[in-house]
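To keep things clear, I will list the structure first and then write my remarks on it.
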Amino acid sequence: MCAVSSVPAAVRRLVLLVLALCPLALRAQPVDTPNYSSTAEDIALAKIVLQDLAAHAQGEPAPALLVRAARQLQGQPYVAGTQEGREERLRIYLTRTDCILFAETCLGLVRTVQRCGPSATFEDLAATLRDSRYRSGVVDGYASRLHYTTEWIAQGVERGLFRDVTAALGGVSDARRIDYMSAHPDSYAPLKGESQYAQDNRRRIVAMEERVNGIPRRYIPKDKLAAAEDKIQSGDILCFATSIEGLDYSHVVIAYREKPGGRLGFIHASSAAGKVVVESRTLEAYLQANRRITGVTVLRLE
């Protein structure tokens, strides 16, 4: 259920002004509730974006709203590992992000506004993100998070967050086995070591990987992209398949065309740029420059 609340424009402007003038330590003050962890700065920014999306929701389709949300977060720092902690919590940050969290957060902002309208609150956003980030929407330890993009896609399709249109665009099957996390436990703090906590997490991750390997996965090979490129729309979510052994996807972006029929680029949280940017290269040029990217899976909002 959506909370009934709204933030007047004058109040929104005042909040941003106060945050800009506050010391960084104050702006980054943690906000912990039974349902989520965040900061005052992230909550304020989320409210601004929610209100902006609500003001355009009647006149713009979902893909255009997704691009609008992405542009609102342009310039926010790329920071890996923002979700990690000893206790598994729904952690919501807009002022620092990685690639999948950037796309997921933008999607969550759009779906929250579509569900709740102008009354959408941060608590509503938290409910949306919990339902997309965790298996069946339940936070139950480290392994309950949808770590593999394959499972995140499957749950998103099941819940109507988007459609997987890859097959219709000429996608082929990817039958590679997925087991990167269990094969590299030392790369993940909750899996590392011989504590009971780490052993339990490893056991649950192995079981999760077995489920993931039962989910069909398709991608458009990058050498076939030219035939499908004009069918990819601004506002599609693109997941970059990878040749890294045991891993399904290595990057997630939001497709972007500045005008209909224009060059196909994308917006993403870039580790190279260190922030959210509109990529300077076209999608095709970016893929060709990255030998480990094998192709793309295309998700479409309606």
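Residues are named by chain letter and number: chains run A, B, ... in the order of the structure tokens, numbers start at 1 in each chain, and ligands are numbered from 1 in the order shown.
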
**OP:** Skip Tyr197 of chain A itself and residues of its chain fewer than 4 positions away, then list as a PyMOL selection string all residues within 12 Å of it, counting only C-alpha atoms.
**Re:** chain A and resi 86-87+141-143+189-193+201-204

**OP:** Step one, run DSSP on the backbone; step two, keep only residues of segment 161-223 of chain A assigned to strand (DSSP E); then write them as a ChimeraX atom specification.
**Re:** /A:163-164,172-173,218-221

**OP:** With a distance cut-off of 9 Å and only C-alpha atoms, select the neighbouring residues of Asp223 of chain A, excluding the residue or stretch itself and same-chain residues fewer than 2 positions from it, and output the selection as a ChimeraX atom specification.
**Re:** /A:220-221,225-226,288,294-295

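Closest to Gly262 of chain A among A:Ser136, A:Gln114, A:Gln233, A:Gln29 is A:Gln233, based on only C-alpha atoms.
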
Within 8 Å of Pro118 of chain A, counting only C-alpha atoms, which residues qualify if same-chain residues fewer than 3 places away don't, as a CSV table (one decimal) with C-alpha atoms, in the first residue's frame?
chain,number,residue,atom,x,y,z
A,6,SER,CA,3.7,14.6,-0.8
A,50,LEU,CA,9.9,10.8,-7.2
A,51,GLN,CA,8.2,14.2,-7.4
A,54,ALA,CA,5.1,12.1,-10.8
A,55,ALA,CA,4.8,15.4,-12.6
A,113,VAL,CA,5.5,6.5,-9.0

Original post:
Could you pull the residues within 12 Å of segment 56-60 of chain A, counting only C-alpha atoms, minus those fewer than 4 positions along the same chain, as a PyMOL selection string?
Top reply: chain A and resi 49-52+64-69+109-118+235+302

Kindly save the residues from that selection, with N, CA and C atoms included, as a short mmCIF file (atom, residue, chain, number, x, y, z; two decimals), in the first residue's frame.
data_model
loop_
_atom_site.label_atom_id
_atom_site.label_comp_id
_atom_site.auth_asym_id
_atom_site.auth_seq_id
_atom_site.Cartn_x
_atom_site.Cartn_y
_atom_site.Cartn_z
N VAL A 49 13.40 13.17 -7.02
CA VAL A 49 13.22 12.43 -8.26
C VAL A 49 11.80 11.88 -8.35
N LEU A 50 11.28 11.36 -7.25
CA LEU A 50 9.91 10.84 -7.25
C LEU A 50 8.91 11.92 -7.65
N GLN A 51 9.09 13.11 -7.11
CA GLN A 51 8.17 14.20 -7.42
C GLN A 51 8.30 14.62 -8.89
N ASP A 52 9.52 14.64 -9.40
CA ASP A 52 9.71 15.00 -10.80
C ASP A 52 9.06 13.96 -11.71
N ALA A 64 10.48 6.40 -21.15
CA ALA A 64 10.92 7.80 -21.08
C ALA A 64 11.11 8.23 -19.62
N LEU A 65 10.26 7.74 -18.73
CA LEU A 65 10.42 8.04 -17.31
C LEU A 65 11.71 7.42 -16.77
N LEU A 66 12.05 6.22 -17.27
CA LEU A 66 13.29 5.58 -16.82
C LEU A 66 14.50 6.41 -17.22
N VAL A 67 14.50 6.92 -18.44
CA VAL A 67 15.59 7.80 -18.89
C VAL A 67 15.62 9.07 -18.05
N ARG A 68 14.44 9.61 -17.74
CA ARG A 68 14.37 10.83 -16.92
C ARG A 68 14.98 10.57 -15.54
N ALA A 69 14.66 9.44 -14.94
CA ALA A 69 15.23 9.10 -13.63
C ALA A 69 16.75 8.97 -13.73
N LEU A 109 12.25 3.71 -8.89
CA LEU A 109 11.66 5.05 -8.83
C LEU A 109 10.47 5.16 -9.76
N VAL A 110 10.63 4.65 -10.99
CA VAL A 110 9.54 4.72 -11.97
C VAL A 110 8.35 3.88 -11.53
N ARG A 111 8.59 2.65 -11.15
CA ARG A 111 7.48 1.77 -10.76
C ARG A 111 6.79 2.25 -9.49
N THR A 112 7.53 2.88 -8.60
CA THR A 112 6.91 3.42 -7.39
C THR A 112 5.94 4.55 -7.73
N VAL A 113 6.36 5.45 -8.61
CA VAL A 113 5.49 6.55 -9.03
C VAL A 113 4.27 6.02 -9.78
N GLN A 114 4.46 5.02 -10.63
CA GLN A 114 3.33 4.46 -11.35
C GLN A 114 2.34 3.80 -10.40
N ARG A 115 2.85 3.23 -9.33
CA ARG A 115 1.99 2.55 -8.36
C ARG A 115 1.32 3.52 -7.39
N CYS A 116 2.06 4.55 -6.98
CA CYS A 116 1.59 5.41 -5.90
C CYS A 116 1.24 6.83 -6.34
N GLY A 117 1.66 7.22 -7.53
CA GLY A 117 1.34 8.56 -8.01
C GLY A 117 2.07 9.64 -7.24
N PRO A 118 1.51 10.87 -7.21
CA PRO A 118 2.18 12.00 -6.54
C PRO A 118 2.38 11.80 -5.03
N GLY A 235 15.43 3.79 -23.20
CA GLY A 235 14.72 3.36 -22.01
C GLY A 235 14.68 1.86 -21.81
N GLU A 302 6.84 -1.32 -20.02
CA GLU A 302 5.59 -0.95 -20.68
C GLU A 302 4.76 -0.07 -19.76
#

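What separates atom CA of Ala198 of chain A from atom CA of Val212 of chain A is a distance of 20.5 Å.
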
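If only C-alpha atoms are the atoms counted, then among A:Glu279, A:Asp98, A:Glu88, A:Asp200 the closest residue to Arg130 of chain A is A:Glu88.
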
Original post:
Of the candidates A:Arg257, A:Lys47, A:Arg91, A:Arg300, which shows the shortest atom-to-atom distance to Thr282 of chain A, using only C-alpha atoms?
Top reply: A:Arg257

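Counting only C-alpha atoms, the residue from A:Glu210, A:Tyr188, A:Gly170, A:Val298 that sits nearest to Gly81 of chain A is A:Tyr188.
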
**OP:** Could you give me, as an NGL selection string, each residue of segment 115-266 of chain A that DSSP assigns to helix (DSSP H, G or I) when run on this structure's backbone?
**Re:** :A and (115-119 or 122-133 or 135-137 or 142-144 or 149-158 or 167-169 or 180-183 or 185-187 or 189-191 or 196-212 or 222-231)

Subject >> Nearest-residue call for Tyr219 of chain A, choices A:Asp179, A:Glu158, A:Asp174, A:Asp124, using only C-alpha atoms >> reply: A:Asp174

Considering only C-alpha atoms, give me a table of residues in segment 99-196 of chain A that are at most 12 Å from segment 205-209 of chain A, with the closest atom pair and distance in Å for each, as a tab-separated table.
residue	atom	partner	partner_atom	distance
A:Arg135	CA	A:Met208	CA	10.2
A:Gly141	CA	A:Ile205	CA	10.9
A:Tyr142	CA	A:Ile205	CA	8.8
A:Ala143	CA	A:Ile205	CA	5.8
A:Ser144	CA	A:Met208	CA	8.7
A:Arg145	CA	A:Met208	CA	10.0
A:Leu146	CA	A:Met208	CA	9.1
A:His147	CA	A:Ile205	CA	9.3
A:Tyr148	CA	A:Glu209	CA	8.5
A:Thr149	CA	A:Glu209	CA	11.6
A:Thr150	CA	A:Glu209	CA	10.3
A:Glu151	CA	A:Met208	CA	9.3
A:Arg177	CA	A:Glu209	CA	9.0
A:Ile178	CA	A:Glu209	CA	6.6
A:Asp179	CA	A:Glu209	CA	6.0
A:Tyr180	CA	A:Glu209	CA	8.9
A:Met181	CA	A:Ile205	CA	7.4
A:Ser182	CA	A:Val206	CA	6.1
A:Ala183	CA	A:Val206	CA	9.4
A:His184	CA	A:Ile205	CA	11.4
A:Pro185	CA	A:Ile205	CA	9.8
A:Tyr188	CA	A:Ile205	CA	11.3
A:Pro190	CA	A:Ile205	CA	10.5
A:Leu191	CA	A:Ile205	CA	8.8

Original post:
Please, what distance in Å, to one decimal, runs between atom CA of Val277 of chain A and atom CA of Pro63 of chain A?
Top reply: 17.8 Å

**OP:** Measuring atom to atom with only C-alpha atoms, identify which of A:Glu104, A:Glu194, A:Glu41, A:Ala167 is nearest to Val253 of chain A.
**Re:** A:Glu104

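Atom pair atom CA of Arg71 of chain A / atom CA of Arg159 of chain A has a distance of 25.3 Å (rounded to one decimal).
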
Original post:
Excluding same-chain residues fewer than 4 positions from Gly274 of chain A, what lies within 10 Å of it counting only C-alpha atoms, as a count of residues only?
Top reply: 10
